[in-house]
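A.B. asks: Before I ask anything, here is the structure I am working with.
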Amino acid sequence: MAPGTLSVTTSCPMQLVDITSLVGKVLGSQDVSEGVCYLFNPHTTAGLTINEGADPAVKDDIIAGLVKTVPLHLAYKHLEGNSPAHIMASLMGASLTVFITNKTLMLGTWQKIFFCEFDGPRNRNVHWRIIPAHL
Amino acid sequence: MAPGTLSVTTSCPMQLVDITSLVGKVLGSQDVSEGVCYLFNPHTTAGLTINEGADPAVKDDIIAGLVKTVPLHLAYKHLEGNSPAHIMASLMGASLTVFITNKTLMLGTWQKIFFCEFDGPRNRNVHWRIIPAHL
Amino acid sequence: MAPGTLSVTTSCPMQLVDITSLVGKVLGSQDVSEGVCYLFNPHTTAGLTINEGADPAVKDDIIAGLVKTVPLHLAYKHLEGNSPAHIMASLMGASLTVFITNKTLMLGTWQKIFFCEFDGPRNRNVHWRIIPAHL
């Protein structure tokens, strides 16, 4: 089970960053033709999700929808003012499981892997581990 | 690590389809008594979730709740008009991890596995992989 | 792949309970220095999430945000009256994947693992399985 960490630099307060090619490069450096790739986001105001990458408007719409879904100005107790970012982080989730086949990510036609920044811009990390199908 | 794909046909624009017995049939065809089963949805307007299956009203209430939670008529940029479906897909998530014990799914008393259709009706797939506990 | 179950007792209708140290005790009892820990919640009105544990206000804000996000008084069909709890359960998710390194959980600086109670108080369980990196 190979381990590693990707670096992601975000440029906006809220942003979905397509990290599919970064994860693909990791696979290219590993000798695993069939298996499972786990991704883990170690930040509490960010998350990971898989969604459409063909039309870049979708990632913007996901942010727009979350901003309207999660209350931004509630009487939150956490004094840093970023409680909506913490809530969005939990809604997206901290980990992903993606299958590997033929040394590539087994994603759907329109799917891309996104790092979800909710309190940026920041330098962020995504940890990964790969487990081969045949141990 | 055995791989495969399930087919799911949905009949409504938005619908939770209980796929527990389909996943159970997969387990029955595999010789894995203890392990982990991963499920992966390759679509960007659908998801996977685990929730109550005993009362079918719950799956309808989850849809009703999501429809009221996610804004349906925002000024979305994605021109296909299904941005709410994309957002719901990310809220539910694309992958699930379920334990296997005694060659069966280790679900709670009321739990069932649901394919979440948010832009149907369509023919959909769910990929699965099973990793045995004792390799 | 070692299996087991943690017990969690909740004391409120809705509450995030930090179970990080309970999971850490599990790791201490296992001889796995590198690997992956899966957590699975078998309940349909509860979930699992990873978020900030340093300031206890964050977990309260997540509950407060979810209460404002999910409609509490819709014309739900499920007669038990806890449909919002079922929806929140699906929003948080039933399973988590956490990496293990040096026999400890590989969490971010501020991250803790939380059991999410949405229909308490109750006695709850969390199943776990650990897969070592070197099998």
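All residue names refer to the structure tokens as shown: chains lettered A, B, ... in order, residues numbered from 1 in each chain, ligands numbered from 1 in order.
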Could you name the residues that touch Ser95 in chain A at 8 Å or less, counting only C-alpha atoms, but leaving out those on the same chain fewer than 2 positions away, as JSON, numbers by chain?
C.D. replies: {"A": [38, 39, 40, 41, 47, 48, 93, 97], "C": [96, 97, 98]}
A.B. asks: I want to know what sits within 8 Å of Val17 in chain B, based on only C-alpha atoms, with residues of the same chain fewer than 6 positions away left out; could you give that as a short mmCIF file (atom, residue, chain, number, x, y, z; two decimals) with all heavy atoms, in the first residue's frame?
C.D. replies:
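The result, written out as selection36.cif:
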data_model
loop_
_atom_site.label_atom_id
_atom_site.label_comp_id
_atom_site.auth_asym_id
_atom_site.auth_seq_id
_atom_site.Cartn_x
_atom_site.Cartn_y
_atom_site.Cartn_z
N THR B 10 -33.59 3.48 -13.55
CA THR B 10 -34.46 4.33 -12.75
C THR B 10 -35.68 4.74 -13.57
O THR B 10 -35.63 4.74 -14.81
CB THR B 10 -33.70 5.57 -12.26
OG1 THR B 10 -33.27 6.34 -13.39
CG2 THR B 10 -32.48 5.17 -11.44
N PHE B 114 -28.88 2.48 -1.17
CA PHE B 114 -29.71 3.11 -2.20
C PHE B 114 -28.87 3.77 -3.28
O PHE B 114 -27.90 4.48 -3.00
CB PHE B 114 -30.61 4.19 -1.58
CG PHE B 114 -31.68 3.64 -0.69
CD1 PHE B 114 -31.51 3.59 0.68
CD2 PHE B 114 -32.87 3.17 -1.23
CE1 PHE B 114 -32.49 3.07 1.51
CE2 PHE B 114 -33.86 2.65 -0.40
CZ PHE B 114 -33.67 2.60 0.97
N PHE B 115 -29.27 3.52 -4.54
CA PHE B 115 -28.79 4.32 -5.66
C PHE B 115 -29.67 5.56 -5.72
O PHE B 115 -30.90 5.45 -5.71
CB PHE B 115 -28.88 3.54 -6.97
CG PHE B 115 -28.39 4.34 -8.15
CD1 PHE B 115 -27.04 4.39 -8.44
CD2 PHE B 115 -29.28 5.05 -8.94
CE1 PHE B 115 -26.58 5.14 -9.51
CE2 PHE B 115 -28.83 5.80 -10.01
CZ PHE B 115 -27.47 5.85 -10.30
N CYS B 116 -29.05 6.73 -5.76
CA CYS B 116 -29.80 8.00 -5.74
C CYS B 116 -29.83 8.60 -7.14
O CYS B 116 -28.83 9.11 -7.63
CB CYS B 116 -29.14 8.99 -4.80
SG CYS B 116 -28.79 8.36 -3.15
N GLU B 117 -30.96 8.54 -7.79
CA GLU B 117 -31.16 9.16 -9.10
C GLU B 117 -31.64 10.60 -8.92
O GLU B 117 -32.64 10.83 -8.22
CB GLU B 117 -32.20 8.36 -9.90
CG GLU B 117 -32.58 8.97 -11.24
CD GLU B 117 -31.41 9.03 -12.21
OE1 GLU B 117 -31.11 8.00 -12.85
OE2 GLU B 117 -30.79 10.11 -12.29
#
A.B. asks: Do a neighbour search on Arg122 in chain A at 9 Å with only C-alpha atoms, toss out local chain neighbours closer than 4 positions, and write the hits as a ChimeraX atom specification.
C.D. replies: /A:8-13,117
A.B. asks: Generate a file of the selected residues that holds N, CA and C atoms, formatted as a compact mmCIF listing (two decimals), in the first residue's frame.
C.D. replies:
# COMPACT_ATOMS: atom_id res chain seq x y z
N VAL A 8 -2.07 21.20 -3.20
CA VAL A 8 -3.07 21.95 -3.97
C VAL A 8 -3.04 23.38 -3.47
N THR A 9 -2.87 24.34 -4.38
CA THR A 9 -2.93 25.75 -4.00
C THR A 9 -4.22 26.33 -4.52
N THR A 10 -5.02 26.89 -3.63
CA THR A 10 -6.29 27.47 -4.05
C THR A 10 -6.13 28.98 -4.16
N SER A 11 -6.98 29.59 -4.98
CA SER A 11 -6.81 31.02 -5.27
C SER A 11 -8.02 31.87 -4.90
N CYS A 12 -9.07 31.25 -4.36
CA CYS A 12 -10.29 31.97 -4.02
C CYS A 12 -10.76 31.54 -2.64
N PRO A 13 -11.67 32.32 -2.04
CA PRO A 13 -12.27 31.88 -0.78
C PRO A 13 -12.99 30.53 -0.91
N GLU A 117 -12.32 23.85 -1.80
CA GLU A 117 -11.84 24.89 -0.89
C GLU A 117 -13.03 25.72 -0.41
A.B. asks: With a distance cut-off of 9 Å and only C-alpha atoms, select the neighbouring residues of range 22-37 of chain C, excluding the residue or stretch itself and same-chain residues fewer than 2 positions from it, and output the selection as a list in words.
C.D. replies: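 So the residues in contact are Met1 and Arg129 of chain A; Ala2, Gly4, Leu6, Ser7, Asp18, Ile19, Thr20, Leu39, Leu96, Thr97, Val98, Phe99, Ile100, Thr101, Asn102, Lys103, Thr104, Leu105, Ile113, Trp128, Arg129, Ile130, Ile131, Pro132, Ala133 and His134 of chain C.
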A.B. asks: Calculate how many Å separate CA of Lys59 in chain B from CA of Thr69 in chain C, rounding to one decimal.
C.D. replies: 18.4 Å
A.B. asks: Go through C:His43, C:Lys112, C:His86, C:Lys77 and flag the residue nearest chain A, using only C-alpha atoms for the distances.
C.D. replies: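 Using only C-alpha atoms, chain A sits closest to C:Lys112.
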A.B. asks: Residues within 7 Å of Gly108 in chain A, please, as a ChimeraX atom specification. Count only C-alpha atoms; anything in the same chain fewer than 2 positions from it doesn't count.
C.D. replies: /A:106,110-111 /B:42-43
A.B. asks: Would you save the residues from that selection as a PDB file, in the first residue's frame, using N, CA, C and O atoms?
C.D. replies:
ATOM      1  N   MET A 106     -10.698   4.731 -12.595  1.00  0.00           N
ATOM      2  CA  MET A 106     -11.921   4.211 -13.213  1.00  0.00           C
ATOM      3  C   MET A 106     -13.074   5.187 -12.949  1.00  0.00           C
ATOM      4  O   MET A 106     -13.998   4.895 -12.188  1.00  0.00           O
ATOM      5  N   TRP A 110     -17.953  11.716 -17.421  1.00  0.00           N
ATOM      6  CA  TRP A 110     -17.923  13.152 -17.110  1.00  0.00           C
ATOM      7  C   TRP A 110     -17.271  13.446 -15.760  1.00  0.00           C
ATOM      8  O   TRP A 110     -17.166  14.598 -15.356  1.00  0.00           O
ATOM      9  N   GLN A 111     -16.873  12.405 -15.056  1.00  0.00           N
ATOM     10  CA  GLN A 111     -16.397  12.627 -13.684  1.00  0.00           C
ATOM     11  C   GLN A 111     -14.961  13.129 -13.607  1.00  0.00           C
ATOM     12  O   GLN A 111     -14.079  12.632 -14.319  1.00  0.00           O
TER      13      GLN A 111
ATOM     14  N   PRO B  42     -20.504   5.954 -11.140  1.00  0.00           N
ATOM     15  CA  PRO B  42     -19.725   6.704 -12.132  1.00  0.00           C
ATOM     16  C   PRO B  42     -20.479   7.862 -12.787  1.00  0.00           C
ATOM     17  O   PRO B  42     -20.000   8.401 -13.778  1.00  0.00           O
ATOM     18  N   HIS B  43     -21.629   8.241 -12.246  1.00  0.00           N
ATOM     19  CA  HIS B  43     -22.459   9.281 -12.851  1.00  0.00           C
ATOM     20  C   HIS B  43     -22.388  10.576 -12.043  1.00  0.00           C
ATOM     21  O   HIS B  43     -22.209  10.536 -10.825  1.00  0.00           O
TER      22      HIS B  43
END
A.B. asks: Compute the chain C side of the contact with chain A at 6 Å, counting only C-alpha atoms, and hand it back as JSON, numbers by chain.
C.D. replies: {"C": [51, 52, 57, 58, 61, 62, 69, 91, 92, 107, 108, 133]}
A.B. asks: Using backbone DSSP assignments, extract all helix (DSSP H, G or I) residues from range 15-107 of chain B; output them as a PDB file with N, CA and C atoms, in the first residue's frame.
C.D. replies:
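Dumped to result37.pdb:
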ATOM      1  N   THR B  20     -29.773  -3.108  -2.399  1.00  0.00           N
ATOM      2  CA  THR B  20     -29.163  -4.011  -1.417  1.00  0.00           C
ATOM      3  C   THR B  20     -29.156  -5.453  -1.902  1.00  0.00           C
ATOM      4  N   SER B  21     -30.291  -5.902  -2.469  1.00  0.00           N
ATOM      5  CA  SER B  21     -30.340  -7.308  -2.891  1.00  0.00           C
ATOM      6  C   SER B  21     -29.430  -7.552  -4.088  1.00  0.00           C
ATOM      7  N   LEU B  22     -29.275  -6.546  -4.962  1.00  0.00           N
ATOM      8  CA  LEU B  22     -28.335  -6.670  -6.079  1.00  0.00           C
ATOM      9  C   LEU B  22     -26.903  -6.834  -5.563  1.00  0.00           C
ATOM     10  N   VAL B  23     -26.555  -6.041  -4.558  1.00  0.00           N
ATOM     11  CA  VAL B  23     -25.207  -6.156  -3.978  1.00  0.00           C
ATOM     12  C   VAL B  23     -25.073  -7.495  -3.252  1.00  0.00           C
ATOM     13  N   GLY B  24     -26.160  -7.905  -2.604  1.00  0.00           N
ATOM     14  CA  GLY B  24     -26.142  -9.204  -1.922  1.00  0.00           C
ATOM     15  C   GLY B  24     -25.910 -10.355  -2.894  1.00  0.00           C
ATOM     16  N   LYS B  25     -26.500 -10.247  -4.099  1.00  0.00           N
ATOM     17  CA  LYS B  25     -26.271 -11.296  -5.112  1.00  0.00           C
ATOM     18  C   LYS B  25     -24.808 -11.344  -5.531  1.00  0.00           C
ATOM     19  N   VAL B  26     -24.175 -10.177  -5.621  1.00  0.00           N
ATOM     20  CA  VAL B  26     -22.747 -10.131  -5.943  1.00  0.00           C
ATOM     21  C   VAL B  26     -21.965 -10.911  -4.879  1.00  0.00           C
ATOM     22  N   LEU B  27     -22.276 -10.651  -3.615  1.00  0.00           N
ATOM     23  CA  LEU B  27     -21.572 -11.351  -2.535  1.00  0.00           C
ATOM     24  C   LEU B  27     -21.784 -12.854  -2.641  1.00  0.00           C
ATOM     25  N   GLY B  28     -23.008 -13.235  -2.968  1.00  0.00           N
ATOM     26  CA  GLY B  28     -23.309 -14.662  -3.086  1.00  0.00           C
ATOM     27  C   GLY B  28     -22.484 -15.345  -4.169  1.00  0.00           C
ATOM     28  N   SER B  29     -22.074 -14.558  -5.177  1.00  0.00           N
ATOM     29  CA  SER B  29     -21.295 -15.127  -6.284  1.00  0.00           C
ATOM     30  C   SER B  29     -19.800 -15.137  -5.995  1.00  0.00           C
ATOM     31  N   ALA B  57     -41.360   5.080   2.902  1.00  0.00           N
ATOM     32  CA  ALA B  57     -41.604   6.522   2.977  1.00  0.00           C
ATOM     33  C   ALA B  57     -40.307   7.292   3.217  1.00  0.00           C
ATOM     34  N   VAL B  58     -39.339   6.646   3.885  1.00  0.00           N
ATOM     35  CA  VAL B  58     -38.106   7.372   4.205  1.00  0.00           C
ATOM     36  C   VAL B  58     -37.368   7.796   2.943  1.00  0.00           C
ATOM     37  N   LYS B  59     -37.267   6.887   1.969  1.00  0.00           N
ATOM     38  CA  LYS B  59     -36.544   7.268   0.743  1.00  0.00           C
ATOM     39  C   LYS B  59     -37.254   8.397  -0.008  1.00  0.00           C
ATOM     40  N   ASP B  60     -38.570   8.418   0.060  1.00  0.00           N
ATOM     41  CA  ASP B  60     -39.297   9.527  -0.562  1.00  0.00           C
ATOM     42  C   ASP B  60     -39.076  10.832   0.213  1.00  0.00           C
ATOM     43  N   ASP B  61     -39.004  10.714   1.546  1.00  0.00           N
ATOM     44  CA  ASP B  61     -38.771  11.910   2.364  1.00  0.00           C
ATOM     45  C   ASP B  61     -37.370  12.475   2.141  1.00  0.00           C
ATOM     46  N   ILE B  62     -36.403  11.604   1.889  1.00  0.00           N
ATOM     47  CA  ILE B  62     -35.044  12.087   1.617  1.00  0.00           C
ATOM     48  C   ILE B  62     -35.053  12.923   0.329  1.00  0.00           C
ATOM     49  N   ILE B  63     -35.728  12.424  -0.698  1.00  0.00           N
ATOM     50  CA  ILE B  63     -35.864  13.208  -1.940  1.00  0.00           C
ATOM     51  C   ILE B  63     -36.587  14.528  -1.665  1.00  0.00           C
ATOM     52  N   ALA B  64     -37.709  14.454  -0.950  1.00  0.00           N
ATOM     53  CA  ALA B  64     -38.487  15.670  -0.656  1.00  0.00           C
ATOM     54  C   ALA B  64     -37.638  16.674   0.114  1.00  0.00           C
ATOM     55  N   GLY B  65     -36.865  16.189   1.058  1.00  0.00           N
ATOM     56  CA  GLY B  65     -36.015  17.079   1.856  1.00  0.00           C
ATOM     57  C   GLY B  65     -34.918  17.710   1.013  1.00  0.00           C
ATOM     58  N   LEU B  66     -34.298  16.921   0.135  1.00  0.00           N
ATOM     59  CA  LEU B  66     -33.229  17.468  -0.711  1.00  0.00           C
ATOM     60  C   LEU B  66     -33.773  18.520  -1.675  1.00  0.00           C
ATOM     61  N   VAL B  67     -34.986  18.279  -2.183  1.00  0.00           N
ATOM     62  CA  VAL B  67     -35.599  19.238  -3.115  1.00  0.00           C
ATOM     63  C   VAL B  67     -35.838  20.584  -2.433  1.00  0.00           C
ATOM     64  N   LYS B  68     -36.154  20.533  -1.136  1.00  0.00           N
ATOM     65  CA  LYS B  68     -36.366  21.783  -0.397  1.00  0.00           C
ATOM     66  C   LYS B  68     -35.047  22.379   0.097  1.00  0.00           C
ATOM     67  N   THR B  69     -34.000  21.547   0.200  1.00  0.00           N
ATOM     68  CA  THR B  69     -32.723  22.008   0.743  1.00  0.00           C
ATOM     69  C   THR B  69     -31.880  22.697  -0.328  1.00  0.00           C
ATOM     70  N   SER B  83     -28.209  21.496 -12.682  1.00  0.00           N
ATOM     71  CA  SER B  83     -27.239  21.792 -11.621  1.00  0.00           C
ATOM     72  C   SER B  83     -27.697  21.316 -10.243  1.00  0.00           C
ATOM     73  N   PRO B  84     -28.995  21.450  -9.891  1.00  0.00           N
ATOM     74  CA  PRO B  84     -29.409  20.892  -8.584  1.00  0.00           C
ATOM     75  C   PRO B  84     -29.081  19.396  -8.470  1.00  0.00           C
ATOM     76  N   ALA B  85     -29.225  18.657  -9.574  1.00  0.00           N
ATOM     77  CA  ALA B  85     -28.903  17.219  -9.559  1.00  0.00           C
ATOM     78  C   ALA B  85     -27.411  17.008  -9.293  1.00  0.00           C
ATOM     79  N   HIS B  86     -26.568  17.846  -9.894  1.00  0.00           N
ATOM     80  CA  HIS B  86     -25.124  17.737  -9.645  1.00  0.00           C
ATOM     81  C   HIS B  86     -24.803  18.016  -8.174  1.00  0.00           C
ATOM     82  N   ILE B  87     -25.462  19.019  -7.612  1.00  0.00           N
ATOM     83  CA  ILE B  87     -25.204  19.367  -6.202  1.00  0.00           C
ATOM     84  C   ILE B  87     -25.656  18.221  -5.293  1.00  0.00           C
ATOM     85  N   MET B  88     -26.850  17.684  -5.556  1.00  0.00           N
ATOM     86  CA  MET B  88     -27.335  16.562  -4.735  1.00  0.00           C
ATOM     87  C   MET B  88     -26.395  15.361  -4.850  1.00  0.00           C
ATOM     88  N   ALA B  89     -25.840  15.142  -6.054  1.00  0.00           N
ATOM     89  CA  ALA B  89     -24.895  14.037  -6.239  1.00  0.00           C
ATOM     90  C   ALA B  89     -23.705  14.185  -5.292  1.00  0.00           C
ATOM     91  N   SER B  90     -23.169  15.411  -5.197  1.00  0.00           N
ATOM     92  CA  SER B  90     -22.025  15.625  -4.308  1.00  0.00           C
ATOM     93  C   SER B  90     -22.426  15.529  -2.835  1.00  0.00           C
ATOM     94  N   LEU B  91     -23.654  15.921  -2.513  1.00  0.00           N
ATOM     95  CA  LEU B  91     -24.116  15.822  -1.116  1.00  0.00           C
ATOM     96  C   LEU B  91     -24.225  14.363  -0.679  1.00  0.00           C
ATOM     97  N   MET B  92     -24.684  13.497  -1.571  1.00  0.00           N
ATOM     98  CA  MET B  92     -24.813  12.076  -1.220  1.00  0.00           C
ATOM     99  C   MET B  92     -23.462  11.366  -1.306  1.00  0.00           C
TER     100      MET B  92
END
A.B. asks: Where does DSSP see strand (DSSP E or B) in chain C, if you list the residues as a PyMOL selection string?
C.D. replies: chain C and resi 2-9+15-18+35-40+46-52+95-101+104-105+111-117+123-132
A.B. asks: Go ahead and save the picked residues with N, CA and C atoms, as a short mmCIF file (atom, residue, chain, number, x, y, z; two decimals), in the first residue's frame.
C.D. replies:
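Saved file out_22.cif follows:
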data_model
loop_
_atom_site.label_atom_id
_atom_site.label_comp_id
_atom_site.auth_asym_id
_atom_site.auth_seq_id
_atom_site.Cartn_x
_atom_site.Cartn_y
_atom_site.Cartn_z
N ALA C 2 -8.51 -6.79 10.86
CA ALA C 2 -9.15 -6.94 12.16
C ALA C 2 -10.50 -6.24 12.18
N PRO C 3 -11.54 -6.88 12.79
CA PRO C 3 -12.86 -6.25 12.91
C PRO C 3 -13.19 -5.93 14.37
N GLY C 4 -14.13 -5.02 14.58
CA GLY C 4 -14.59 -4.73 15.94
C GLY C 4 -15.69 -3.68 15.93
N THR C 5 -16.21 -3.38 17.11
CA THR C 5 -17.30 -2.42 17.26
C THR C 5 -17.05 -1.53 18.48
N LEU C 6 -17.24 -0.24 18.31
CA LEU C 6 -17.17 0.73 19.41
C LEU C 6 -18.58 1.05 19.89
N SER C 7 -18.73 1.34 21.17
CA SER C 7 -20.00 1.81 21.71
C SER C 7 -19.94 3.31 21.96
N VAL C 8 -21.01 3.99 21.57
CA VAL C 8 -21.11 5.44 21.79
C VAL C 8 -22.47 5.72 22.42
N THR C 9 -22.48 6.39 23.55
CA THR C 9 -23.74 6.79 24.18
C THR C 9 -23.93 8.28 23.99
N GLN C 15 -26.31 15.77 18.33
CA GLN C 15 -25.04 15.97 19.02
C GLN C 15 -23.91 15.35 18.19
N LEU C 16 -22.79 16.05 18.11
CA LEU C 16 -21.59 15.45 17.54
C LEU C 16 -20.68 15.00 18.68
N VAL C 17 -20.36 13.72 18.72
CA VAL C 17 -19.53 13.16 19.79
C VAL C 17 -18.15 12.81 19.22
N ASP C 18 -17.12 13.38 19.82
CA ASP C 18 -15.74 13.11 19.39
C ASP C 18 -15.35 11.69 19.79
N GLY C 35 -1.49 1.57 7.42
CA GLY C 35 -2.66 0.93 6.83
C GLY C 35 -3.82 1.87 6.71
N VAL C 36 -5.02 1.29 6.69
CA VAL C 36 -6.25 2.07 6.55
C VAL C 36 -7.26 1.57 7.56
N CYS C 37 -7.96 2.50 8.20
CA CYS C 37 -9.03 2.17 9.15
C CYS C 37 -10.36 2.62 8.57
N TYR C 38 -11.28 1.68 8.43
CA TYR C 38 -12.63 1.99 7.98
C TYR C 38 -13.55 2.05 9.20
N LEU C 39 -14.42 3.07 9.22
CA LEU C 39 -15.45 3.16 10.26
C LEU C 39 -16.82 3.11 9.58
N PHE C 40 -17.75 2.38 10.19
CA PHE C 40 -19.09 2.25 9.60
C PHE C 40 -20.14 2.41 10.68
N ALA C 46 -28.18 8.56 12.19
CA ALA C 46 -26.89 9.01 12.69
C ALA C 46 -25.88 8.92 11.56
N GLY C 47 -24.73 9.54 11.73
CA GLY C 47 -23.71 9.49 10.69
C GLY C 47 -22.32 9.63 11.29
N LEU C 48 -21.35 9.76 10.41
CA LEU C 48 -19.96 9.95 10.82
C LEU C 48 -19.39 11.11 10.02
N THR C 49 -18.58 11.94 10.67
CA THR C 49 -17.90 13.00 9.94
C THR C 49 -16.57 13.31 10.59
N ILE C 50 -15.72 14.00 9.85
CA ILE C 50 -14.44 14.48 10.36
C ILE C 50 -14.47 15.99 10.26
N ASN C 51 -14.17 16.67 11.36
CA ASN C 51 -14.17 18.13 11.34
C ASN C 51 -13.32 18.65 12.49
N GLU C 52 -13.39 19.96 12.72
CA GLU C 52 -12.52 20.54 13.76
C GLU C 52 -12.95 20.12 15.16
N SER C 95 -20.03 5.99 6.33
CA SER C 95 -18.69 5.40 6.47
C SER C 95 -17.59 6.43 6.33
N LEU C 96 -16.46 6.13 6.95
CA LEU C 96 -15.26 6.97 6.85
C LEU C 96 -14.05 6.09 6.56
N THR C 97 -13.09 6.65 5.86
CA THR C 97 -11.82 5.98 5.62
C THR C 97 -10.71 6.88 6.16
N VAL C 98 -9.95 6.37 7.11
CA VAL C 98 -8.87 7.16 7.72
C VAL C 98 -7.57 6.37 7.59
N PHE C 99 -6.48 7.06 7.29
CA PHE C 99 -5.19 6.39 7.13
C PHE C 99 -4.54 6.18 8.50
N ILE C 100 -3.72 5.15 8.58
CA ILE C 100 -2.93 4.86 9.78
C ILE C 100 -1.45 5.00 9.42
N THR C 101 -0.72 5.75 10.23
CA THR C 101 0.73 5.84 10.05
C THR C 101 1.38 5.86 11.43
N THR C 104 -0.73 5.35 14.48
CA THR C 104 -1.70 6.38 14.90
C THR C 104 -2.54 6.83 13.71
N LEU C 105 -3.68 7.47 14.00
CA LEU C 105 -4.54 8.00 12.95
C LEU C 105 -3.84 9.16 12.26
N GLN C 111 -8.26 18.13 12.94
CA GLN C 111 -9.31 17.13 12.68
C GLN C 111 -9.55 16.17 13.84
N LYS C 112 -10.82 15.92 14.09
CA LYS C 112 -11.27 14.85 14.98
C LYS C 112 -12.37 14.08 14.27
N ILE C 113 -12.57 12.84 14.71
CA ILE C 113 -13.62 11.99 14.14
C ILE C 113 -14.86 12.12 15.03
N PHE C 114 -15.99 12.43 14.41
CA PHE C 114 -17.22 12.63 15.18
C PHE C 114 -18.31 11.63 14.79
N PHE C 115 -18.95 11.06 15.82
CA PHE C 115 -20.22 10.36 15.63
C PHE C 115 -21.32 11.42 15.65
N CYS C 116 -22.18 11.40 14.65
CA CYS C 116 -23.23 12.41 14.52
C CYS C 116 -24.57 11.81 14.94
N GLU C 117 -25.06 12.21 16.08
CA GLU C 117 -26.38 11.78 16.55
C GLU C 117 -27.43 12.77 16.09
N ASN C 123 -28.08 4.62 22.73
CA ASN C 123 -26.84 3.85 22.72
C ASN C 123 -26.57 3.42 21.28
N ARG C 124 -25.40 3.77 20.78
CA ARG C 124 -25.08 3.57 19.36
C ARG C 124 -23.81 2.74 19.22
N ASN C 125 -23.61 2.22 18.03
CA ASN C 125 -22.41 1.45 17.72
C ASN C 125 -21.71 2.03 16.49
N VAL C 126 -20.42 1.85 16.45
CA VAL C 126 -19.63 2.14 15.24
C VAL C 126 -18.74 0.93 14.98
N HIS C 127 -18.94 0.29 13.83
CA HIS C 127 -18.09 -0.84 13.45
C HIS C 127 -16.79 -0.33 12.85
N TRP C 128 -15.72 -1.07 13.07
CA TRP C 128 -14.43 -0.69 12.44
C TRP C 128 -13.75 -1.92 11.87
N ARG C 129 -12.95 -1.66 10.86
CA ARG C 129 -12.08 -2.68 10.28
C ARG C 129 -10.77 -2.01 9.90
N ILE C 130 -9.70 -2.72 10.12
CA ILE C 130 -8.37 -2.18 9.84
C ILE C 130 -7.68 -3.09 8.83
N ILE C 131 -7.14 -2.49 7.78
CA ILE C 131 -6.39 -3.25 6.79
C ILE C 131 -4.94 -2.77 6.82
N PRO C 132 -4.01 -3.68 7.10
CA PRO C 132 -2.61 -3.28 7.16
C PRO C 132 -2.03 -3.03 5.77
#
